[in-house]
Amino acid sequence: MENGSAFYHALQVDEDICIGCSHCMKTCPTGAIRIRNGKSHILENRCIDCGECFKACPVKAIYIKQDDFEEIFNFKCRVALIPSVFLGQFPDDISVSKIYNILIDIGFTHVWETESAVPIYTKAKNRYAEEHPEIKPLISTFCPAVLRLIQVKYPGLVENLIPLKAPLDITAMFLRRKLVSEEHYDPKEIGLFYITPCASKIAAVKSPVGEEKSNVDGVINMDALYNRVFKIIKKEGKNYQERKLPIAQISSDSLLTSLTNGERRLAQGKHSLAIDGIDNVMEFLEKLEKGEDKDIENVDFLELRACDQSCPGGILTCDNRFLMCERMFARARKIAQKERNGEITKEQEVTKDTDYLMQNIQVGEIKARSMLSLDEDIEKALEKMGKIQTIEQMLPQTDCGICGAPTCNALANDIVLSDAELTDCIFIQRKREHKGELPIEGSIQIMEKIWGKRVKE
């Protein structure tokens, strides 16, 4: 739950493993990491759970929390909500049917692909665009890391975000209704578990933006489930006996939505762009916020994804992202051929509940959560901003990181917020040493406060 409370964060630091190398601090796109006492610390108001720190850590000290798999057995009806990218990890000789079968064998009672709700999602987005022609560009909220990035770093663009549930949440909403009305489960007996390719989607389930509570009950990391399923496939080999199970009907367009350009190709509007990779996204948002490029002002729709190649590049996937994309395109081509031959129809089961889903698809207000907020009192905030500017003029602007903050600007902010001291800057220390204002022992103590005692006595 958001609504003014702290973000839930899936990314955590194991201080017993962390060596304080600062790789994570240097790579964090929102400056959310500090080094204190030789360990990395994540600032909750800045972190967007993009996973860049996870990828950068050389000793695997940063880990991703997940729900215990055994929690699924707390429910009589246990649904695995799988994104198509989960299936795209498996080699071509492993069928979708076999994967569905094994998921049932290990404890789930139902398996459903989250992209099943894409037709509803697309219809709602296009309707929103028609109703708000004055907002340009409209920005997709499909990627929760990008959504949080805009909330904390580009608060001026919050109004451009499309306030709609993602396909995962629409599918979950549909299934709860279906399982109660058609299969007669008690609502308390239903457990929906999402198999996630990234940390930001865990955070999106645990503290959804614009909603009090998610329709999803738990989250299982994709790498853990993939390894569990693949181990059974390897063990059983050709002896595995598949049962005929219902497979979630999904169109070729829906399947590709989680890839780069997946939303753009279905977007309404003459001019749309798809951008992936957190650095590329931030570079574009900087220009958009500053109004530096007239061509950007004419864009109707933006599909922004934090990971390279979008979801196949998620930090919890287990295969090469380019191979995964190719497998997903191959599956989409097969589905498209069946659609052309009339073997299946693009009409999906989810679309039969269109009216209900469209009425409940919009989320509440998406609020800015600016990491630059200095004080709720405007006068005090302006006063602090002036202090930051004054302190910055005293700092060397080298962004060396020796102070335990990623940039001189970050250190100035920390000082004003009483989270750091001016003497944390190594250059200030040297100046004060030369003036006799700071003994060498004092400088050593400051460095130990930041970096810990590197050599044990």
# chains A, B, ... in the order shown; residues from 1 in each chain; ligands from 1
$ closest_atom_pairs --of "range 294-384 of chain A" --to "range 196-202 of chain A" --cutoff "6 Å" --atoms "only C-alpha atoms" --output "tab-separated table"
residue	atom	partner	partner_atom	distance
A:Gly314	CA	A:Cys198	CA	5.0
A:Ile315	CA	A:Cys198	CA	5.4
A:Leu316	CA	A:Pro197	CA	4.7
A:Thr317	CA	A:Pro197	CA	5.4
$ write_last_selection --atoms "C-alpha atoms" --output "short mmCIF file (atom, residue, chain, number, x, y, z; two decimals), in the first residue's frame"
data_model
loop_
_atom_site.label_atom_id
_atom_site.label_comp_id
_atom_site.auth_asym_id
_atom_site.auth_seq_id
_atom_site.Cartn_x
_atom_site.Cartn_y
_atom_site.Cartn_z
CA GLY A 314 14.91 -8.79 -15.93
CA ILE A 315 17.41 -9.65 -13.21
CA LEU A 316 15.51 -12.80 -12.22
CA THR A 317 15.43 -14.42 -15.66
#
$ residues_around --residues "range 24-40 of chain A" --least-positions-apart "2" --cutoff "8 Å" --atoms "only C-alpha atoms" --output "PyMOL selection string"
chain A and resi 13+15+18-22+42-48+52-54+56-57+149+153+278-279+401+404-406+410+448-454
$ write_last_selection --atoms "N, CA and C atoms" --output "tab-separated table (two decimals), in the first residue's frame"
chain	number	residue	atom	x	y	z
A	13	VAL	N	20.28	-5.62	1.42
A	13	VAL	CA	21.74	-5.79	1.53
A	13	VAL	C	22.04	-6.74	2.69
A	15	GLU	N	24.62	-7.45	5.09
A	15	GLU	CA	25.81	-6.76	5.58
A	15	GLU	C	26.94	-7.73	5.95
A	18	CYS	N	28.51	-7.98	2.40
A	18	CYS	CA	28.91	-6.72	1.76
A	18	CYS	C	30.33	-6.33	2.15
A	19	ILE	N	31.12	-5.94	1.15
A	19	ILE	CA	32.50	-5.51	1.39
A	19	ILE	C	32.67	-4.00	1.21
A	20	GLY	N	31.56	-3.30	0.98
A	20	GLY	CA	31.63	-1.85	0.85
A	20	GLY	C	32.44	-1.37	-0.33
A	21	CYS	N	32.37	-2.09	-1.44
A	21	CYS	CA	33.19	-1.74	-2.61
A	21	CYS	C	32.66	-0.52	-3.35
A	22	SER	N	31.41	-0.15	-3.12
A	22	SER	CA	30.72	1.01	-3.71
A	22	SER	C	30.32	0.83	-5.17
A	42	ILE	N	20.70	1.22	1.60
A	42	ILE	CA	19.76	1.69	0.60
A	42	ILE	C	18.79	2.68	1.23
A	43	LEU	N	18.68	3.86	0.63
A	43	LEU	CA	17.74	4.88	1.08
A	43	LEU	C	16.37	4.58	0.50
A	44	GLU	N	15.43	4.28	1.35
A	44	GLU	CA	14.12	3.80	0.90
A	44	GLU	C	13.37	4.82	0.06
A	45	ASN	N	13.53	6.11	0.36
A	45	ASN	CA	12.77	7.11	-0.38
A	45	ASN	C	13.30	7.34	-1.78
A	46	ARG	N	14.48	6.79	-2.08
A	46	ARG	CA	15.07	6.96	-3.41
A	46	ARG	C	15.05	5.68	-4.25
A	47	CYS	N	15.05	4.53	-3.61
A	47	CYS	CA	15.17	3.26	-4.33
A	47	CYS	C	13.91	2.98	-5.15
A	48	ILE	N	14.10	2.51	-6.40
A	48	ILE	CA	12.97	2.15	-7.27
A	48	ILE	C	12.98	0.66	-7.60
A	52	GLU	N	19.73	-2.49	-10.63
A	52	GLU	CA	21.07	-2.19	-11.14
A	52	GLU	C	22.13	-2.51	-10.10
A	53	CYS	N	21.83	-2.28	-8.83
A	53	CYS	CA	22.78	-2.60	-7.76
A	53	CYS	C	23.00	-4.10	-7.66
A	54	PHE	N	21.93	-4.86	-7.84
A	54	PHE	CA	21.99	-6.32	-7.80
A	54	PHE	C	22.95	-6.84	-8.87
A	56	ALA	N	25.38	-5.15	-10.26
A	56	ALA	CA	26.73	-4.61	-10.10
A	56	ALA	C	27.52	-5.25	-8.97
A	57	CYS	N	26.84	-5.80	-7.99
A	57	CYS	CA	27.52	-6.32	-6.79
A	57	CYS	C	28.42	-7.51	-7.14
A	149	LEU	N	10.45	5.48	-10.83
A	149	LEU	CA	11.49	6.41	-11.25
A	149	LEU	C	10.90	7.80	-11.47
A	153	LYS	N	12.07	10.83	-9.17
A	153	LYS	CA	13.10	11.66	-9.81
A	153	LYS	C	12.56	12.67	-10.80
A	278	ILE	N	17.55	1.45	-18.37
A	278	ILE	CA	17.31	2.53	-17.41
A	278	ILE	C	18.06	3.81	-17.76
A	279	ASP	N	19.29	3.69	-18.27
A	279	ASP	CA	20.05	4.89	-18.63
A	279	ASP	C	19.42	5.60	-19.81
A	401	GLY	N	33.09	9.99	-4.63
A	401	GLY	CA	32.43	8.96	-3.84
A	401	GLY	C	33.13	8.58	-2.55
A	404	GLY	N	31.26	8.54	0.74
A	404	GLY	CA	30.20	7.56	0.96
A	404	GLY	C	28.90	7.91	0.29
A	405	ALA	N	28.89	9.02	-0.45
A	405	ALA	CA	27.74	9.42	-1.25
A	405	ALA	C	28.18	9.43	-2.72
A	406	PRO	N	27.25	9.20	-3.66
A	406	PRO	CA	27.65	9.06	-5.06
A	406	PRO	C	28.13	10.33	-5.73
A	410	ALA	N	24.74	14.94	-3.85
A	410	ALA	CA	24.12	14.02	-2.89
A	410	ALA	C	24.66	14.26	-1.49
A	448	GLU	N	36.85	5.98	8.89
A	448	GLU	CA	36.40	4.71	9.46
A	448	GLU	C	34.88	4.70	9.64
A	449	LYS	N	34.31	5.88	9.94
A	449	LYS	CA	32.86	5.97	10.07
A	449	LYS	C	32.19	5.63	8.74
A	450	ILE	N	32.84	6.04	7.65
A	450	ILE	CA	32.27	5.79	6.32
A	450	ILE	C	32.64	4.41	5.81
A	451	TRP	N	33.92	4.09	5.82
A	451	TRP	CA	34.41	2.89	5.16
A	451	TRP	C	34.74	1.74	6.09
A	452	GLY	N	34.60	1.98	7.41
A	452	GLY	CA	34.91	0.92	8.35
A	452	GLY	C	36.42	0.75	8.50
A	453	LYS	N	36.79	-0.17	9.38
A	453	LYS	CA	38.20	-0.48	9.54
A	453	LYS	C	38.58	-1.54	8.54
A	454	ARG	N	39.29	-1.13	7.49
A	454	ARG	CA	39.61	-2.05	6.40
A	454	ARG	C	40.65	-3.08	6.80
$ atom_distance --atom1 "CA of Lys178 in chain A" --atom2 "CA of Met328 in chain A"
27.6 Å
$ closest_atom_pairs --of "range 325-411 of chain A" --to "range 110-132 of chain A" --cutoff "8 Å" --atoms "only C-alpha atoms" --output "JSON lines"
{"residue": "A:Gln348", "atom": "CA", "partner": "A:Ser116", "partner_atom": "CA", "distance": 7.1}
{"residue": "A:Val350", "atom": "CA", "partner": "A:Ala117", "partner_atom": "CA", "distance": 6.1}
{"residue": "A:Thr351", "atom": "CA", "partner": "A:Ile120", "partner_atom": "CA", "distance": 6.6}
{"residue": "A:Thr354", "atom": "CA", "partner": "A:Ile120", "partner_atom": "CA", "distance": 6.6}
{"residue": "A:Leu357", "atom": "CA", "partner": "A:Ile120", "partner_atom": "CA", "distance": 7.4}
{"residue": "A:Met358", "atom": "CA", "partner": "A:Ala124", "partner_atom": "CA", "distance": 6.7}
{"residue": "A:Ile361", "atom": "CA", "partner": "A:Ala124", "partner_atom": "CA", "distance": 7.6}
$ select_by_dssp --residues "range 239-413 of chain A" --states "strand (DSSP E)" --output "ChimeraX atom specification"
/A:272-276,301-305
$ closest_residue --among "A:Ile104, A:Leu161, A:Leu382, A:Ala145" --to "Val79 in chain A" --atoms "only C-alpha atoms"
A:Ile104
$ residues_around --residues "Leu255 in chain A" --least-positions-apart "3" --cutoff "12 Å" --atoms "only C-alpha atoms" --output "number ranges by chain"
A: 82-88, 113-119, 167, 248-252, 258-263, 311, 325, 327-336, 346
$ atom_distance --atom1 "CA of Ile102 in chain A" --atom2 "CA of Asp319 in chain A"
19.3 Å
$ atom_distance --atom1 "CA of Gly156 in chain A" --atom2 "CA of Leu273 in chain A"
19.7 Å
$ select_by_dssp --residues "range 246-399 of chain A" --states "alpha helix (DSSP H)" --output "CSV table (one decimal) with N, CA, C and O atoms, in the first residue's frame"
chain,number,residue,atom,x,y,z
A,252,SER,N,-1.0,-13.5,-30.5
A,252,SER,CA,0.4,-13.2,-30.8
A,252,SER,C,0.7,-11.8,-30.4
A,252,SER,O,1.8,-11.5,-29.8
A,253,ASP,N,-0.2,-10.8,-30.5
A,253,ASP,CA,0.1,-9.5,-30.1
A,253,ASP,C,0.2,-9.4,-28.6
A,253,ASP,O,1.1,-8.7,-28.1
A,254,SER,N,-0.6,-10.1,-27.9
A,254,SER,CA,-0.6,-10.1,-26.4
A,254,SER,C,0.8,-10.7,-25.9
A,254,SER,O,1.4,-10.1,-25.0
A,255,LEU,N,1.2,-11.8,-26.5
A,255,LEU,CA,2.4,-12.5,-26.1
A,255,LEU,C,3.6,-11.5,-26.1
A,255,LEU,O,4.5,-11.6,-25.3
A,278,ILE,N,17.5,1.5,-18.4
A,278,ILE,CA,17.3,2.5,-17.4
A,278,ILE,C,18.1,3.8,-17.8
A,278,ILE,O,17.5,4.9,-17.6
A,279,ASP,N,19.3,3.7,-18.3
A,279,ASP,CA,20.0,4.9,-18.6
A,279,ASP,C,19.4,5.6,-19.8
A,279,ASP,O,19.3,6.8,-19.8
A,280,ASN,N,19.0,4.8,-20.8
A,280,ASN,CA,18.3,5.4,-22.0
A,280,ASN,C,17.0,6.1,-21.6
A,280,ASN,O,16.7,7.2,-22.1
A,281,VAL,N,16.3,5.5,-20.7
A,281,VAL,CA,15.0,6.0,-20.2
A,281,VAL,C,15.2,7.3,-19.5
A,281,VAL,O,14.6,8.3,-19.7
A,282,MET,N,16.2,7.4,-18.6
A,282,MET,CA,16.5,8.6,-17.8
A,282,MET,C,17.0,9.7,-18.7
A,282,MET,O,16.6,10.9,-18.6
A,283,GLU,N,17.8,9.4,-19.7
A,283,GLU,CA,18.3,10.4,-20.7
A,283,GLU,C,17.1,11.1,-21.4
A,283,GLU,O,17.1,12.3,-21.6
A,284,PHE,N,16.1,10.2,-21.8
A,284,PHE,CA,15.0,10.7,-22.5
A,284,PHE,C,14.1,11.6,-21.6
A,284,PHE,O,13.6,12.6,-21.9
A,285,LEU,N,13.9,11.1,-20.3
A,285,LEU,CA,13.0,11.8,-19.4
A,285,LEU,C,13.6,13.2,-19.0
A,285,LEU,O,12.9,14.1,-18.8
A,286,GLU,N,15.0,13.2,-18.9
A,286,GLU,CA,15.6,14.5,-18.7
A,286,GLU,C,15.3,15.5,-19.7
A,286,GLU,O,14.9,16.7,-19.4
A,287,LYS,N,15.3,15.1,-21.0
A,287,LYS,CA,15.0,16.0,-22.1
A,287,LYS,C,13.5,16.4,-22.1
A,287,LYS,O,13.2,17.5,-22.4
A,288,LEU,N,12.7,15.4,-21.8
A,288,LEU,CA,11.3,15.6,-21.8
A,288,LEU,C,10.9,16.6,-20.7
A,288,LEU,O,10.1,17.6,-20.9
A,289,GLU,N,11.5,16.5,-19.5
A,289,GLU,CA,11.2,17.3,-18.4
A,289,GLU,C,11.7,18.8,-18.6
A,289,GLU,O,11.0,19.7,-18.2
A,290,LYS,N,12.8,18.9,-19.3
A,290,LYS,CA,13.4,20.2,-19.5
A,290,LYS,C,12.8,20.9,-20.8
A,290,LYS,O,13.0,22.1,-21.0
A,294,LYS,N,11.8,19.9,-29.4
A,294,LYS,CA,10.4,20.1,-29.9
A,294,LYS,C,9.8,18.8,-30.4
A,294,LYS,O,8.6,18.6,-30.3
A,295,ASP,N,10.6,17.9,-31.0
A,295,ASP,CA,10.1,16.7,-31.5
A,295,ASP,C,9.5,15.8,-30.4
A,295,ASP,O,8.6,15.1,-30.6
A,296,ILE,N,10.1,15.9,-29.2
A,296,ILE,CA,9.6,15.1,-28.1
A,296,ILE,C,8.2,15.6,-27.7
A,296,ILE,O,7.4,14.8,-27.3
A,297,GLU,N,8.0,16.9,-27.8
A,297,GLU,CA,6.7,17.4,-27.3
A,297,GLU,C,5.6,16.9,-28.2
A,297,GLU,O,4.4,16.9,-27.8
A,321,ARG,N,18.9,-12.9,-22.8
A,321,ARG,CA,17.6,-12.2,-23.1
A,321,ARG,C,17.3,-12.1,-24.6
A,321,ARG,O,16.2,-12.1,-25.0
A,322,PHE,N,18.4,-12.2,-25.4
A,322,PHE,CA,18.1,-12.2,-26.9
A,322,PHE,C,17.6,-13.5,-27.4
A,322,PHE,O,16.7,-13.6,-28.2
A,323,LEU,N,18.1,-14.6,-26.8
A,323,LEU,CA,17.5,-15.9,-27.1
A,323,LEU,C,16.1,-16.1,-26.6
A,323,LEU,O,15.2,-16.6,-27.3
A,324,MET,N,15.8,-15.5,-25.5
A,324,MET,CA,14.4,-15.5,-25.0
A,324,MET,C,13.5,-14.7,-25.9
A,324,MET,O,12.4,-15.2,-26.2
A,325,CYS,N,13.9,-13.6,-26.4
A,325,CYS,CA,13.1,-12.8,-27.3
A,325,CYS,C,12.8,-13.6,-28.6
A,325,CYS,O,11.7,-13.6,-29.1
A,326,GLU,N,13.9,-14.3,-29.1
A,326,GLU,CA,13.7,-15.1,-30.3
A,326,GLU,C,12.7,-16.2,-30.1
A,326,GLU,O,11.8,-16.5,-31.0
A,327,ARG,N,12.7,-16.9,-29.0
A,327,ARG,CA,11.8,-17.9,-28.7
A,327,ARG,C,10.3,-17.4,-28.6
A,327,ARG,O,9.4,-18.0,-29.1
A,328,MET,N,10.2,-16.2,-28.0
A,328,MET,CA,8.9,-15.6,-27.8
A,328,MET,C,8.4,-15.2,-29.2
A,328,MET,O,7.2,-15.3,-29.5
A,329,PHE,N,9.2,-14.6,-30.0
A,329,PHE,CA,8.8,-14.3,-31.4
A,329,PHE,C,8.4,-15.5,-32.2
A,329,PHE,O,7.4,-15.5,-32.9
A,330,ALA,N,9.1,-16.6,-32.0
A,330,ALA,CA,8.8,-17.9,-32.7
A,330,ALA,C,7.4,-18.4,-32.2
A,330,ALA,O,6.6,-18.9,-33.1
A,331,ARG,N,7.2,-18.4,-30.9
A,331,ARG,CA,5.9,-18.8,-30.4
A,331,ARG,C,4.8,-17.9,-31.0
A,331,ARG,O,3.7,-18.4,-31.3
A,332,ALA,N,5.0,-16.6,-31.0
A,332,ALA,CA,4.0,-15.6,-31.5
A,332,ALA,C,3.7,-15.9,-33.0
A,332,ALA,O,2.6,-15.8,-33.4
A,333,ARG,N,4.7,-16.3,-33.8
A,333,ARG,CA,4.5,-16.6,-35.2
A,333,ARG,C,3.6,-17.8,-35.4
A,333,ARG,O,2.8,-17.9,-36.2
A,334,LYS,N,3.8,-18.8,-34.5
A,334,LYS,CA,3.0,-20.0,-34.5
A,334,LYS,C,1.6,-19.7,-34.2
A,334,LYS,O,0.6,-20.2,-34.9
A,335,ILE,N,1.4,-18.9,-33.2
A,335,ILE,CA,0.0,-18.5,-32.8
A,335,ILE,C,-0.6,-17.7,-33.9
A,335,ILE,O,-1.8,-17.9,-34.2
A,336,ALA,N,0.1,-16.8,-34.5
A,336,ALA,CA,-0.4,-15.9,-35.6
A,336,ALA,C,-0.9,-16.8,-36.8
A,336,ALA,O,-1.9,-16.5,-37.4
A,337,GLN,N,-0.1,-17.9,-37.1
A,337,GLN,CA,-0.4,-18.7,-38.2
A,337,GLN,C,-1.7,-19.5,-37.9
A,337,GLN,O,-2.6,-19.6,-38.8
A,338,LYS,N,-1.9,-19.9,-36.6
A,338,LYS,CA,-3.1,-20.6,-36.3
A,338,LYS,C,-4.3,-19.7,-36.3
A,338,LYS,O,-5.4,-20.1,-36.7
A,339,GLU,N,-4.1,-18.4,-36.0
A,339,GLU,CA,-5.1,-17.4,-36.1
A,339,GLU,C,-5.6,-17.2,-37.5
A,339,GLU,O,-6.8,-17.1,-37.8
A,340,ARG,N,-4.6,-17.2,-38.4
A,340,ARG,CA,-4.9,-17.0,-39.8
A,340,ARG,C,-5.6,-18.2,-40.4
A,340,ARG,O,-6.5,-18.1,-41.3
A,354,THR,N,-15.3,-8.0,-20.3
A,354,THR,CA,-14.7,-6.7,-20.7
A,354,THR,C,-15.4,-5.6,-19.9
A,354,THR,O,-14.7,-4.7,-19.3
A,355,ASP,N,-16.7,-5.5,-19.8
A,355,ASP,CA,-17.4,-4.5,-19.1
A,355,ASP,C,-17.0,-4.3,-17.7
A,355,ASP,O,-16.7,-3.2,-17.2
A,356,TYR,N,-16.9,-5.4,-17.0
A,356,TYR,CA,-16.6,-5.4,-15.5
A,356,TYR,C,-15.1,-4.9,-15.4
A,356,TYR,O,-14.8,-4.1,-14.5
A,357,LEU,N,-14.2,-5.4,-16.2
A,357,LEU,CA,-12.8,-5.1,-16.1
A,357,LEU,C,-12.6,-3.6,-16.4
A,357,LEU,O,-11.8,-2.9,-15.8
A,358,MET,N,-13.2,-3.1,-17.5
A,358,MET,CA,-13.1,-1.8,-17.9
A,358,MET,C,-13.6,-0.8,-16.8
A,358,MET,O,-13.0,0.3,-16.6
A,359,GLN,N,-14.6,-1.2,-16.1
A,359,GLN,CA,-15.1,-0.4,-15.0
A,359,GLN,C,-14.2,-0.3,-13.8
A,359,GLN,O,-14.3,0.7,-13.0
A,378,ILE,N,7.1,25.0,2.8
A,378,ILE,CA,7.8,25.5,1.6
A,378,ILE,C,8.9,26.5,1.9
A,378,ILE,O,10.0,26.4,1.3
A,379,GLU,N,8.7,27.3,2.9
A,379,GLU,CA,9.7,28.3,3.3
A,379,GLU,C,11.0,27.6,3.8
A,379,GLU,O,12.1,28.0,3.5
A,380,LYS,N,10.8,26.6,4.6
A,380,LYS,CA,11.9,25.8,5.2
A,380,LYS,C,12.6,25.1,4.0
A,380,LYS,O,13.9,24.9,4.0
A,381,ALA,N,11.8,24.5,3.1
A,381,ALA,CA,12.4,23.8,2.0
A,381,ALA,C,13.3,24.7,1.1
A,381,ALA,O,14.4,24.3,0.7
A,382,LEU,N,12.8,25.9,0.9
A,382,LEU,CA,13.6,26.9,0.1
A,382,LEU,C,14.9,27.3,0.8
A,382,LEU,O,15.9,27.5,0.2
A,383,GLU,N,14.7,27.4,2.2
A,383,GLU,CA,15.9,27.7,3.0
A,383,GLU,C,17.0,26.6,2.9
A,383,GLU,O,18.2,26.9,2.7
A,384,LYS,N,16.5,25.4,2.9
A,384,LYS,CA,17.4,24.3,2.8
A,384,LYS,C,18.0,24.2,1.4
A,384,LYS,O,19.2,23.8,1.3
A,385,MET,N,17.2,24.5,0.4
A,385,MET,CA,17.8,24.5,-0.9
A,385,MET,C,18.9,25.5,-1.1
A,385,MET,O,19.9,25.2,-1.7
A,386,GLY,N,18.7,26.6,-0.4
A,386,GLY,CA,19.8,27.6,-0.5
A,386,GLY,C,21.1,27.1,0.2
A,386,GLY,O,22.2,27.4,-0.2
A,387,LYS,N,20.9,26.4,1.3
A,387,LYS,CA,22.0,25.8,2.1
A,387,LYS,C,22.7,24.8,1.2
A,387,LYS,O,24.0,24.7,1.2
A,388,ILE,N,22.0,24.0,0.5
A,388,ILE,CA,22.6,23.0,-0.4
A,388,ILE,C,23.5,23.7,-1.5
A,388,ILE,O,24.6,23.2,-1.7
A,389,GLN,N,23.0,24.7,-2.1
A,389,GLN,CA,23.7,25.4,-3.1
A,389,GLN,C,25.0,26.0,-2.5
A,389,GLN,O,26.1,26.0,-3.1
A,390,THR,N,24.9,26.5,-1.3
A,390,THR,CA,26.1,27.1,-0.6
A,390,THR,C,27.1,26.0,-0.3
A,390,THR,O,28.3,26.2,-0.6
A,391,ILE,N,26.6,24.9,0.2
A,391,ILE,CA,27.6,23.8,0.5
A,391,ILE,C,28.2,23.2,-0.8
A,391,ILE,O,29.4,22.9,-0.8
A,392,GLU,N,27.4,23.1,-1.9
A,392,GLU,CA,28.0,22.6,-3.1
A,392,GLU,C,29.1,23.5,-3.6
A,392,GLU,O,30.1,23.0,-4.2
A,393,GLN,N,29.1,24.8,-3.4
A,393,GLN,CA,30.1,25.7,-3.8
A,393,GLN,C,31.4,25.4,-3.0
A,393,GLN,O,32.5,25.7,-3.5
A,394,MET,N,31.3,24.8,-1.9
A,394,MET,CA,32.5,24.5,-1.0
A,394,MET,C,33.1,23.2,-1.4
A,394,MET,O,34.2,22.9,-1.1
$ residues_around --residues "Cys403 in chain A" --least-positions-apart "3" --cutoff "7 Å" --atoms "only C-alpha atoms" --output "list in words"
Asp424, Cys425, Ile426 and Ile450 of chain A
$ closest_residue --among "A:Ile139, A:Gly51, A:Ile366, A:Asn160" --to "Gly313 in chain A" --atoms "only C-alpha atoms"
A:Gly51
$ residues_around --residues "Ile17 in chain A" --least-positions-apart "5" --cutoff "10 Å" --atoms "only C-alpha atoms" --output "MDAnalysis selection string"
chainID A and resid 39 59:62
$ closest_residue --among "A:Arg148, A:Lys55, A:Gly442, A:Ala412" --to "His9 in chain A" --atoms "only C-alpha atoms"
A:Arg148
$ residues_around --residues "Asp300 in chain A" --least-positions-apart "4" --cutoff "10 Å" --atoms "only C-alpha atoms" --output "ChimeraX atom specification"
/A:129,133-139,267-273,296
$ residues_around --residues "Glu211 in chain A" --least-positions-apart "3" --cutoff "12 Å" --atoms "only C-alpha atoms" --output "number ranges by chain"
A: 1-4, 163-165, 169, 204-208, 214-215, 360-367
$ write_last_selection --atoms "N, CA and C atoms" --output "CSV table (one decimal), in the first residue's frame"
chain,number,residue,atom,x,y,z
A,1,MET,N,0.9,-1.2,0.0
A,1,MET,CA,0.0,0.0,0.0
A,1,MET,C,0.9,1.2,0.0
A,2,GLU,N,0.6,2.2,-0.9
A,2,GLU,CA,1.4,3.4,-1.0
A,2,GLU,C,0.8,4.5,-0.1
A,3,ASN,N,0.0,5.4,-0.7
A,3,ASN,CA,-0.7,6.4,0.1
A,3,ASN,C,0.1,7.0,1.2
A,4,GLY,N,1.3,7.5,0.9
A,4,GLY,CA,2.1,8.2,1.9
A,4,GLY,C,3.0,7.4,2.7
A,163,PRO,N,-3.0,6.2,-15.6
A,163,PRO,CA,-3.4,5.6,-14.3
A,163,PRO,C,-4.2,4.3,-14.4
A,164,LEU,N,-3.6,3.3,-15.0
A,164,LEU,CA,-4.4,2.0,-15.2
A,164,LEU,C,-3.6,0.8,-14.6
A,165,LYS,N,-4.4,-0.2,-14.2
A,165,LYS,CA,-3.8,-1.4,-13.8
A,165,LYS,C,-3.0,-2.1,-14.9
A,169,ASP,N,-2.4,-7.3,-13.1
A,169,ASP,CA,-3.4,-7.0,-12.1
A,169,ASP,C,-4.8,-7.2,-12.7
A,204,ALA,N,5.8,-3.8,-6.7
A,204,ALA,CA,4.5,-3.3,-7.2
A,204,ALA,C,3.3,-4.1,-6.6
A,205,VAL,N,3.6,-5.4,-6.3
A,205,VAL,CA,2.5,-6.2,-5.7
A,205,VAL,C,2.4,-5.9,-4.2
A,206,LYS,N,3.5,-5.7,-3.5
A,206,LYS,CA,3.5,-5.5,-2.1
A,206,LYS,C,3.0,-4.1,-1.7
A,207,SER,N,3.3,-3.1,-2.5
A,207,SER,CA,2.9,-1.7,-2.3
A,207,SER,C,2.4,-1.1,-3.6
A,208,PRO,N,1.3,-1.5,-4.1
A,208,PRO,CA,0.8,-1.0,-5.4
A,208,PRO,C,0.6,0.5,-5.4
A,214,SER,N,-3.1,-5.1,-3.6
A,214,SER,CA,-3.0,-5.9,-4.9
A,214,SER,C,-4.0,-7.1,-4.9
A,215,ASN,N,-4.4,-7.5,-6.0
A,215,ASN,CA,-5.2,-8.7,-6.2
A,215,ASN,C,-4.3,-10.0,-6.1
A,360,ASN,N,-13.3,-1.3,-13.7
A,360,ASN,CA,-12.5,-1.4,-12.5
A,360,ASN,C,-11.0,-1.3,-12.8
A,361,ILE,N,-10.6,-0.8,-14.0
A,361,ILE,CA,-9.3,-0.9,-14.4
A,361,ILE,C,-8.4,0.3,-14.0
A,362,GLN,N,-9.1,1.4,-13.7
A,362,GLN,CA,-8.3,2.6,-13.3
A,362,GLN,C,-7.9,2.6,-11.9
A,363,VAL,N,-6.7,3.1,-11.6
A,363,VAL,CA,-6.2,3.2,-10.3
A,363,VAL,C,-6.4,4.6,-9.7
A,364,GLY,N,-6.1,4.8,-8.5
A,364,GLY,CA,-6.3,6.1,-7.9
A,364,GLY,C,-5.2,7.1,-8.3
A,365,GLU,N,-5.1,8.2,-7.7
A,365,GLU,CA,-4.2,9.2,-8.1
A,365,GLU,C,-2.7,8.7,-7.9
A,366,ILE,N,-1.9,8.9,-8.9
A,366,ILE,CA,-0.5,8.6,-8.8
A,366,ILE,C,0.2,9.8,-8.3
A,367,LYS,N,0.8,9.8,-7.1
A,367,LYS,CA,1.4,11.0,-6.5
A,367,LYS,C,2.9,11.0,-6.7
$ closest_residue --among "A:Glu303, A:Lys98, A:Gly107, A:Leu192" --to "Phe174 in chain A" --atoms "only C-alpha atoms"
A:Leu192
